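Trainee: Just target-v6.txt, nothing more (compact mmCIF, C-alpha atoms and all ligand atoms):
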```txt
# COMPACT_ATOMS: atom_id res chain seq x y z
CA MET B 18 136.33 110.89 109.76
CA HIS B 19 137.89 112.32 112.95
CA SER B 20 136.92 115.82 111.98
CA HIS B 21 133.32 114.66 112.53
CA HIS B 22 134.04 114.05 116.22
CA ILE B 23 136.27 116.86 117.49
CA PRO B 24 134.26 119.45 119.46
CA LEU B 25 134.17 123.13 118.48
CA LEU B 26 135.47 122.56 114.95
CA PRO B 27 133.06 123.04 112.07
CA TYR B 28 132.05 119.93 110.06
CA PRO B 29 134.01 119.37 106.85
CA PHE B 30 131.39 120.76 104.47
CA ARG B 31 130.88 124.14 102.84
CA GLY B 32 127.17 123.97 102.16
CA GLU B 33 125.03 126.77 100.80
CA PRO B 34 122.25 128.99 102.19
CA VAL B 35 118.76 127.63 101.37
CA PRO B 36 115.14 128.63 101.95
CA CYS B 37 112.98 126.27 104.04
CA PRO B 38 113.14 122.83 102.38
CA VAL B 39 109.48 122.15 103.24
CA CYS B 40 107.59 125.43 102.66
CA GLY B 41 110.09 127.58 100.75
CA SER B 42 109.93 130.49 103.21
CA GLU B 43 113.07 132.63 103.59
CA GLN B 44 111.98 133.66 107.07
CA ALA B 45 114.20 131.81 109.54
CA GLU B 46 115.88 132.41 112.87
CA VAL B 47 119.06 130.83 114.21
CA ILE B 48 118.19 128.42 116.99
CA ALA B 49 121.60 126.82 117.67
CA ARG B 50 125.20 127.31 116.60
CA ILE B 51 126.53 124.05 118.04
CA ASP B 52 125.26 120.48 117.99
CA ARG B 53 125.22 117.54 120.37
CA ARG B 54 128.91 116.82 119.79
CA LEU B 55 129.52 120.46 120.71
CA LYS B 56 130.70 120.99 117.14
CA ARG B 57 129.93 124.10 115.15
CA LEU B 58 126.69 123.59 113.21
CA THR B 59 124.07 126.23 112.49
CA THR B 60 120.43 125.15 112.81
CA VAL B 61 117.56 127.51 112.00
CA LEU B 62 113.83 127.43 112.68
CA CYS B 63 111.49 128.24 109.78
CA GLY B 64 109.21 131.10 110.82
CA HIS B 65 106.40 129.84 108.60
CA CYS B 66 106.17 126.06 109.16
CA GLY B 67 108.35 125.42 112.24
CA LEU B 68 110.82 123.08 110.52
CA PHE B 69 114.36 122.95 111.92
CA TYR B 70 117.06 122.74 109.25
CA SER B 71 120.80 123.09 108.81
CA ASN B 72 121.63 126.40 107.15
CA PRO B 73 124.03 126.52 105.40
CA MET B 74 122.76 123.21 104.05
CA PRO B 75 125.27 120.63 102.76
CA THR B 76 125.16 120.48 98.95
CA GLN B 77 123.81 117.36 97.24
CA ALA B 78 127.35 116.39 96.26
CA GLU B 79 128.52 116.73 99.87
CA LEU B 80 125.62 114.61 101.15
CA ASP B 81 126.13 111.98 98.44
CA ALA B 82 129.82 111.66 99.29
CA TYR B 83 129.02 111.43 103.02
CA TYR B 84 126.36 108.75 102.66
CA ARG B 85 128.28 106.63 100.18
CA HIS B 86 130.99 105.78 102.71
CA MET B 87 131.04 107.86 105.89
CA TYR B 88 127.65 107.81 107.57
CA ARG B 89 127.56 104.32 109.07
CA ARG B 90 131.10 104.62 110.37
CA ASP B 91 130.35 108.01 111.76
CA TYR B 92 127.14 107.14 113.60
CA GLN B 93 127.15 103.39 114.09
CA PHE B 94 130.88 102.78 114.12
CA ALA B 95 130.35 100.06 111.51
CA ARG B 96 133.51 99.72 109.43
CA SER B 97 132.22 97.37 106.76
CA GLY B 98 128.72 95.90 106.94
CA PRO B 99 126.26 95.98 109.82
CA GLY B 100 127.05 94.13 113.06
CA ALA B 101 125.11 91.09 114.33
CA ARG B 102 123.39 93.04 117.12
CA HIS B 103 122.24 95.72 114.66
CA VAL B 104 120.78 93.06 112.34
CA ALA B 105 118.95 91.22 115.16
CA LYS B 106 117.41 94.47 116.38
CA LYS B 107 116.38 95.46 112.86
CA GLU B 108 114.84 92.04 112.17
CA ALA B 109 112.58 92.34 115.22
CA GLU B 110 111.66 95.86 114.13
CA ALA B 111 110.91 94.64 110.57
CA ARG B 112 108.40 92.10 111.93
CA ARG B 113 106.66 94.84 113.93
CA ARG B 114 106.57 97.18 110.92
CA HIS B 115 105.14 94.48 108.64
CA ASP B 116 102.46 93.55 111.18
CA ALA B 117 101.46 97.18 111.70
CA LEU B 118 100.98 97.51 107.92
CA ALA B 119 99.14 94.19 107.65
CA ARG B 120 96.52 95.53 110.09
CA ARG B 121 95.82 98.44 107.71
CA PHE B 122 96.42 97.05 104.23
CA ASP B 123 95.56 93.70 102.69
CA LEU B 124 98.88 91.89 102.58
CA SER B 125 97.32 88.43 102.16
CA ARG B 126 98.16 88.48 98.44
CA PRO B 127 101.53 89.34 96.84
CA ARG B 128 102.20 93.08 96.74
CA ARG B 129 104.90 95.30 95.33
CA PHE B 130 106.87 96.76 98.18
CA LEU B 131 109.60 99.44 98.24
CA ASP B 132 111.69 100.48 101.22
CA PHE B 133 112.92 103.99 100.41
CA GLY B 134 116.38 104.08 102.07
CA CYS B 135 116.51 100.45 103.13
CA GLY B 136 119.72 100.41 105.22
CA SER B 137 120.86 96.84 105.76
CA GLY B 138 117.63 95.54 104.22
CA GLU B 139 115.83 93.67 107.01
CA LEU B 140 112.40 95.06 106.13
CA VAL B 141 112.86 94.25 102.42
CA ARG B 142 113.91 90.68 103.30
CA HIS B 143 110.96 90.29 105.64
CA PHE B 144 108.50 91.36 102.92
CA ALA B 145 110.20 89.00 100.44
CA ALA B 146 109.89 86.15 102.94
CA GLN B 147 106.13 86.85 103.16
CA GLY B 148 105.83 86.36 99.39
CA HIS B 149 105.89 89.99 98.22
CA ALA B 150 107.95 91.50 95.40
CA ALA B 151 110.34 93.41 97.63
CA HIS B 152 112.57 96.28 96.52
CA GLY B 153 114.85 98.74 98.27
CA PHE B 154 117.66 101.17 97.68
CA GLU B 155 120.36 102.56 99.89
CA PRO B 156 123.14 105.07 99.23
CA GLY B 157 125.62 103.46 101.68
CA VAL B 158 127.74 101.06 99.65
CA ALA B 159 128.50 98.54 102.42
CA TYR B 160 124.93 98.40 103.73
CA ALA B 161 123.46 98.11 100.24
CA ALA B 162 125.82 95.21 99.51
CA HIS B 163 124.73 93.52 102.73
CA ALA B 164 121.04 94.09 101.88
CA ALA B 165 121.48 92.66 98.37
CA GLY B 166 123.39 89.64 99.66
CA ALA B 167 120.26 87.74 100.71
CA GLY B 168 119.02 87.15 97.15
CA SER B 169 115.30 87.21 96.14
CA VAL B 170 115.16 90.95 96.84
CA GLU B 171 115.98 93.75 94.44
CA ILE B 172 118.34 96.24 96.06
CA ARG B 173 119.86 99.18 94.24
CA THR B 174 122.73 101.38 95.40
CA GLY B 175 122.40 105.15 95.20
CA SER B 176 120.36 108.14 96.29
CA TRP B 177 116.64 108.58 95.56
CA ALA B 178 117.24 111.02 92.71
CA GLU B 179 119.15 108.28 90.85
CA MET B 180 116.25 105.80 91.05
CA ASP B 181 114.02 105.30 88.00
CA TYR B 182 111.25 103.01 89.22
CA PRO B 183 108.17 102.86 86.98
CA GLU B 184 105.27 105.18 87.72
CA ALA B 185 102.26 103.86 89.69
CA HIS B 186 104.15 100.67 90.50
CA PHE B 187 104.35 100.01 94.25
CA ASP B 188 101.45 99.12 96.58
CA ILE B 189 103.40 99.97 99.72
CA ILE B 190 106.33 102.36 100.13
CA THR B 191 108.03 102.79 103.49
CA CYS B 192 110.37 105.68 104.25
CA LEU B 193 111.45 105.17 107.84
CA HIS B 194 113.93 107.54 109.46
CA VAL B 195 115.21 108.69 106.08
CA LEU B 196 113.51 112.00 105.27
CA GLU B 197 115.36 113.89 108.02
CA HIS B 198 118.61 113.13 106.17
CA LEU B 199 117.51 114.68 102.86
CA ARG B 200 117.82 118.25 101.66
CA ASP B 201 114.75 118.00 99.39
CA PRO B 202 112.02 116.22 101.36
CA VAL B 203 109.20 117.44 99.10
CA GLY B 204 111.03 116.19 95.99
CA ALA B 205 111.58 112.82 97.68
CA LEU B 206 107.91 112.55 98.68
CA ALA B 207 106.84 113.55 95.16
CA ALA B 208 109.00 110.71 93.77
CA MET B 209 107.26 108.29 96.17
CA ALA B 210 103.86 109.65 95.10
CA ARG B 211 104.82 109.05 91.45
CA TRP B 212 105.94 105.47 92.11
CA LEU B 213 102.85 104.63 94.16
CA ALA B 214 100.10 102.50 92.59
CA PRO B 215 96.48 103.71 92.89
CA GLY B 216 95.13 102.71 96.30
CA GLY B 217 98.65 102.33 97.67
CA LEU B 218 100.07 103.58 100.95
CA ILE B 219 103.22 105.47 101.91
CA TRP B 220 104.47 105.19 105.49
CA VAL B 221 106.79 108.02 106.51
CA GLU B 222 108.39 108.13 109.94
CA VAL B 223 110.94 110.63 111.23
CA PRO B 224 112.14 111.65 114.71
CA ASP B 225 109.67 113.97 116.45
CA MET B 226 111.42 117.15 117.53
CA GLN B 227 108.72 117.54 120.19
CA GLY B 228 109.31 114.03 121.47
CA TYR B 229 112.52 114.65 123.39
CA PRO B 230 112.76 115.58 127.05
CA LEU B 231 115.82 117.78 126.43
CA LYS B 232 115.18 120.33 123.68
CA GLY B 233 117.92 122.50 122.21
CA PHE B 234 121.32 122.02 120.53
CA GLU B 235 121.50 118.49 121.96
CA ARG B 236 119.00 117.38 119.30
CA PHE B 237 121.04 118.58 116.32
CA HIS B 238 123.80 116.85 114.41
CA PHE B 239 125.25 116.78 110.94
CA ALA B 240 123.35 113.77 109.54
CA HIS B 241 119.91 115.09 110.45
CA VAL B 242 119.75 118.14 108.22
CA LEU B 243 115.98 118.48 108.94
CA GLY B 244 113.99 118.33 112.20
CA PHE B 245 110.24 117.72 111.77
CA SER B 246 107.15 118.21 113.88
CA SER B 247 103.82 116.55 113.11
CA ASP B 248 102.21 119.37 111.15
CA ASN B 249 105.16 120.32 108.96
CA LEU B 250 105.59 116.65 108.04
CA VAL B 251 101.95 116.67 106.93
CA LEU B 252 102.65 119.88 104.99
CA ALA B 253 105.62 118.23 103.22
CA GLY B 254 103.30 115.40 102.15
CA GLN B 255 100.61 117.81 100.98
CA ARG B 256 103.13 119.75 98.88
CA ALA B 257 103.99 116.44 97.18
CA GLY B 258 100.30 115.72 96.47
CA LEU B 259 99.75 113.34 99.42
CA GLY B 260 96.99 113.35 102.02
CA VAL B 261 96.97 111.80 105.47
CA VAL B 262 95.30 108.41 105.94
CA GLU B 263 96.36 107.99 109.56
CA ARG B 264 98.78 109.51 112.06
CA LEU B 265 100.19 106.48 113.90
CA ALA B 266 102.21 108.89 116.04
CA PRO B 267 102.94 112.62 115.65
CA THR B 268 105.69 112.01 113.08
CA SER B 269 104.76 108.50 111.91
CA ILE B 270 102.21 109.04 109.18
CA LEU B 271 100.43 106.96 106.54
CA PHE B 272 99.98 108.97 103.35
CA ALA B 273 98.06 108.26 100.16
CA ARG B 274 97.32 110.12 96.95
CA GLY B 275 93.84 111.55 97.02
CA ALA B 276 93.43 111.39 100.81
CA PRO B 277 91.78 114.53 102.20
CA ALA B 278 93.88 117.41 103.54
CA ALA B 279 94.48 117.16 107.28
CA GLU B 280 94.01 120.06 109.65
CA ILE B 281 97.35 121.61 110.55
CA ASP B 282 98.38 124.60 112.65
CA LEU B 283 101.77 125.83 111.48
CA ALA B 284 101.74 129.02 113.58
CA ALA B 285 101.30 126.92 116.73
CA THR B 286 104.14 124.64 115.61
CA VAL B 287 106.45 127.64 115.14
CA ALA B 288 105.49 129.14 118.52
CA ARG B 289 105.97 125.89 120.44
CA ASN B 290 109.29 125.03 118.77
CA ARG B 291 110.60 128.56 119.28
CA ALA B 292 109.60 128.60 122.95
CA GLU B 293 111.05 125.19 123.74
CA TYR B 294 114.21 125.22 121.63
CA GLY B 295 114.94 128.92 121.90
CA ARG B 296 115.87 128.78 125.58
CA GLY B 297 118.89 126.58 125.00
CA ILE B 298 120.23 123.94 127.36
CA SER B 299 122.27 124.59 130.46
CA LEU B 300 125.62 122.84 130.68
CA PRO B 301 124.61 120.84 133.80
CA ALA B 302 121.48 119.57 132.00
CA TYR B 303 123.59 118.62 128.97
CA LEU B 304 126.24 116.84 131.04
CA GLY B 305 123.61 115.09 133.18
CA HIS B 306 121.84 113.84 130.07
CA HIS B 307 125.05 112.46 128.58
CA ALA B 308 126.22 110.89 131.83
CA ARG B 309 122.90 109.03 132.09
CA ARG B 310 123.20 107.93 128.45
CA VAL B 311 126.73 106.58 128.93
CA LEU B 312 125.71 104.74 132.11
CA ARG B 313 122.66 103.24 130.42
CA ARG B 314 124.79 102.01 127.52
CA ALA B 315 127.42 100.52 129.85
CA ARG B 316 124.68 98.67 131.76
CA LEU B 317 123.18 97.28 128.53
CA ARG B 318 126.59 96.12 127.39
CA LEU B 319 127.27 94.44 130.70
CA ALA B 320 123.90 92.67 130.59
CA ALA B 321 124.51 91.53 126.98
CA GLY B 322 127.99 90.27 127.97
CA ARG B 323 126.51 88.24 130.82
CA ARG B 324 123.93 86.65 128.55
CA GLU B 325 126.55 85.72 125.94
CA GLY B 326 129.09 84.51 128.48
ZN ZN B 401 109.09 126.16 106.40
```
What's the structure tokens form of this structure?
Ligand SMILES: [Zn+2]

Mentor:
Amino acid sequence: MHSHHIPLLPYPFRGEPVPCPVCGSEQAEVIARIDRRLKRLTTVLCGHCGLFYSNPMPTQAELDAYYRHMYRRDYQFARSGPGARHVAKKEAEARRRHDALARRFDLSRPRRFLDFGCGSGELVRHFAAQGHAAHGFEPGVAYAAHAAGAGSVEIRTGSWAEMDYPEAHFDIITCLHVLEHLRDPVGALAAMARWLAPGGLIWVEVPDMQGYPLKGFERFHFAHVLGFSSDNLVLAGQRAGLGVVERLAPTSILFARGAPAAEIDLAATVARNRAEYGRGISLPAYLGHHARRVLRRARLRLAAGRREG
């Protein structure tokens, strides 16, 4: 685990060179050779669709091993299951997600719901509590066990490729901050499209690479093997047979089978990402950003301590 934190060392994976995981183009340029921990990690920009991706890309076996046990420790410092603060935050978020869907899809009668990459399971539990048949899966063993612990929900442990849900089964599938962790986003979206019932909705949300004030190596790290912008996320959906119903935000999109193709401008995406990420970040900007982050966190902790004490 420590080798994931020591600056300048490469991450403990071998990986393999890959074409663009969204459009298949071999045309790519190196955009960064280090990441936000100042560790060695090579990120490229696809010259056709503007996707950022790790290249070499960790193999499926390397990602599976990482997500089974390492990821939550590595990024959330959770040794066993999720902490109380994490759960409380996720429960509030689950209510907001459910309500956003209820405004766009009739949830007044029982529906079949799947959370693709369900983490500690708050959204699945919330849907179950509203009377829906709620399913989820999660590759992280400890989080999946926590998610399954509540009963009345069906949680499986493993990666998406291991799941064998019936075709045309779910009315709603959510995939929230998951796709950026996967090396085959089009395959994952195609699996969702297969499992989706006619008239159903898929809600995909990922971080927006255009949504950060500081653009450059600071945005890259091992777990996010892909970095999306709005139009290449739409392209990934289209390649899986999905059309856009609504863009809730640039990279928060409702997809459905049979929805019309959305207008996208990949050349503009490439040009903008190249211009903004290609310049790199100065060390003072990097240090300033991190100092502010550490201060903000310390203040939050202090405030939380006061409330509890
Ligand atoms: Zn591409």

Trainee: Of the candidates B:Tyr70, B:Tyr84, B:Phe234, B:Phe239, which one gets nearest to ligand ZN 401 (chain B) if we count all atoms listed in the file?

Mentor: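 Smallest distance to ligand ZN 401 (chain B) is found for B:Tyr70.
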
Trainee: Go through B:Val287, B:Ala208, B:Leu304, B:Leu55 one by one, measure the shortest atom-to-atom distance of each to ligand ZN 401 (chain B) using only C-alpha atoms and all ligand atoms, and give the residue with the smallest value.

Mentor: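 Among the listed residues, B:Val287 lies closest to ligand ZN 401 (chain B).
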
Trainee: Between CA of Arg310 in chain B and CA of Leu140 in chain B, what is the distance, to one decimal in Å?

Mentor: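 Taking CA of Arg310 in chain B and CA of Leu140 in chain B, their separation equals 27.9 Å.
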
Trainee: Could the residues that lie within 10 Å of ligand ZN 401 (chain B), counting all atoms listed in the file, be listed as a PyMOL selection string?

Mentor: chain B and resi 36-45+62-70+249+252-253+283+287

Trainee: Near Pro183 in chain B, within 10 Å and counting only C-alpha atoms, which residues show up once chain neighbours fewer than 4 positions away are dropped, as a PyMOL selection string?

Mentor: chain B and resi 187+211-214

Trainee: Suppose you want the space between CA of Arg128 in chain B and CA of His149 in chain B; what is it in Å?

Mentor: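 One can read the CA of Arg128 in chain B to CA of His149 in chain B distance as 5.0 Å.
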
Trainee: Return range 286-319 of chain B, completed with N, CA and C atoms, as a compact mmCIF listing (two decimals), in the frame of the given file.

Mentor:
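Okay, rebuild.txt is ready:
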```txt
# COMPACT_ATOMS: atom_id res chain seq x y z
N THR B 286 102.91 125.43 115.67
CA THR B 286 104.14 124.64 115.61
C THR B 286 105.36 125.55 115.77
N VAL B 287 105.34 126.68 115.05
CA VAL B 287 106.45 127.64 115.14
C VAL B 287 106.59 128.14 116.58
N ALA B 288 105.45 128.54 117.18
CA ALA B 288 105.49 129.14 118.52
C ALA B 288 106.02 128.13 119.55
N ARG B 289 105.55 126.90 119.47
CA ARG B 289 105.97 125.89 120.44
C ARG B 289 107.46 125.55 120.26
N ASN B 290 107.88 125.37 119.01
CA ASN B 290 109.29 125.03 118.77
C ASN B 290 110.21 126.18 119.19
N ARG B 291 109.77 127.40 118.91
CA ARG B 291 110.60 128.56 119.28
C ARG B 291 110.72 128.65 120.81
N ALA B 292 109.59 128.47 121.49
CA ALA B 292 109.60 128.60 122.95
C ALA B 292 110.48 127.52 123.58
N GLU B 293 110.37 126.30 123.07
CA GLU B 293 111.05 125.19 123.74
C GLU B 293 112.50 125.03 123.33
N TYR B 294 112.82 125.36 122.08
CA TYR B 294 114.21 125.22 121.63
C TYR B 294 114.99 126.51 121.79
N GLY B 295 114.28 127.62 121.85
CA GLY B 295 114.94 128.92 121.90
C GLY B 295 115.67 129.18 123.22
N ARG B 296 115.24 128.48 124.29
CA ARG B 296 115.87 128.78 125.58
C ARG B 296 117.24 128.18 125.73
N GLY B 297 117.58 127.20 124.89
CA GLY B 297 118.89 126.58 125.00
C GLY B 297 118.93 125.59 126.15
N ILE B 298 120.07 124.96 126.31
CA ILE B 298 120.23 123.94 127.36
C ILE B 298 121.36 124.39 128.25
N SER B 299 121.17 124.24 129.56
CA SER B 299 122.27 124.59 130.46
C SER B 299 123.31 123.49 130.42
N LEU B 300 124.54 123.83 130.71
CA LEU B 300 125.62 122.84 130.68
C LEU B 300 125.36 121.69 131.66
N PRO B 301 124.91 121.96 132.90
CA PRO B 301 124.61 120.84 133.80
C PRO B 301 123.55 119.89 133.23
N ALA B 302 122.51 120.44 132.58
CA ALA B 302 121.48 119.57 132.00
C ALA B 302 122.08 118.71 130.88
N TYR B 303 122.94 119.33 130.06
CA TYR B 303 123.59 118.62 128.97
C TYR B 303 124.48 117.49 129.50
N LEU B 304 125.31 117.84 130.49
CA LEU B 304 126.24 116.84 131.04
C LEU B 304 125.48 115.72 131.75
N GLY B 305 124.43 116.09 132.49
CA GLY B 305 123.61 115.09 133.18
C GLY B 305 122.99 114.12 132.20
N HIS B 306 122.47 114.66 131.10
CA HIS B 306 121.84 113.84 130.07
C HIS B 306 122.84 112.84 129.49
N HIS B 307 124.05 113.34 129.19
CA HIS B 307 125.05 112.46 128.58
C HIS B 307 125.59 111.43 129.56
N ALA B 308 125.74 111.84 130.82
CA ALA B 308 126.22 110.89 131.83
C ALA B 308 125.22 109.74 131.96
N ARG B 309 123.93 110.08 131.99
CA ARG B 309 122.90 109.03 132.09
C ARG B 309 122.94 108.12 130.88
N ARG B 310 123.17 108.71 129.69
CA ARG B 310 123.20 107.93 128.45
C ARG B 310 124.38 106.95 128.46
N VAL B 311 125.54 107.44 128.89
CA VAL B 311 126.73 106.58 128.93
C VAL B 311 126.54 105.44 129.93
N LEU B 312 125.96 105.77 131.10
CA LEU B 312 125.71 104.74 132.11
C LEU B 312 124.74 103.68 131.60
N ARG B 313 123.68 104.16 130.93
CA ARG B 313 122.66 103.24 130.42
C ARG B 313 123.29 102.28 129.42
N ARG B 314 124.15 102.83 128.54
CA ARG B 314 124.79 102.01 127.52
C ARG B 314 125.72 100.98 128.15
N ALA B 315 126.48 101.42 129.17
CA ALA B 315 127.42 100.52 129.85
C ALA B 315 126.65 99.38 130.50
N ARG B 316 125.49 99.70 131.11
CA ARG B 316 124.68 98.67 131.76
C ARG B 316 124.16 97.66 130.75
N LEU B 317 123.69 98.17 129.58
CA LEU B 317 123.18 97.28 128.53
C LEU B 317 124.27 96.35 128.05
N ARG B 318 125.48 96.92 127.88
CA ARG B 318 126.59 96.12 127.39
C ARG B 318 126.95 95.03 128.38
N LEU B 319 126.94 95.40 129.64
CA LEU B 319 127.27 94.44 130.70
C LEU B 319 126.25 93.30 130.69
```
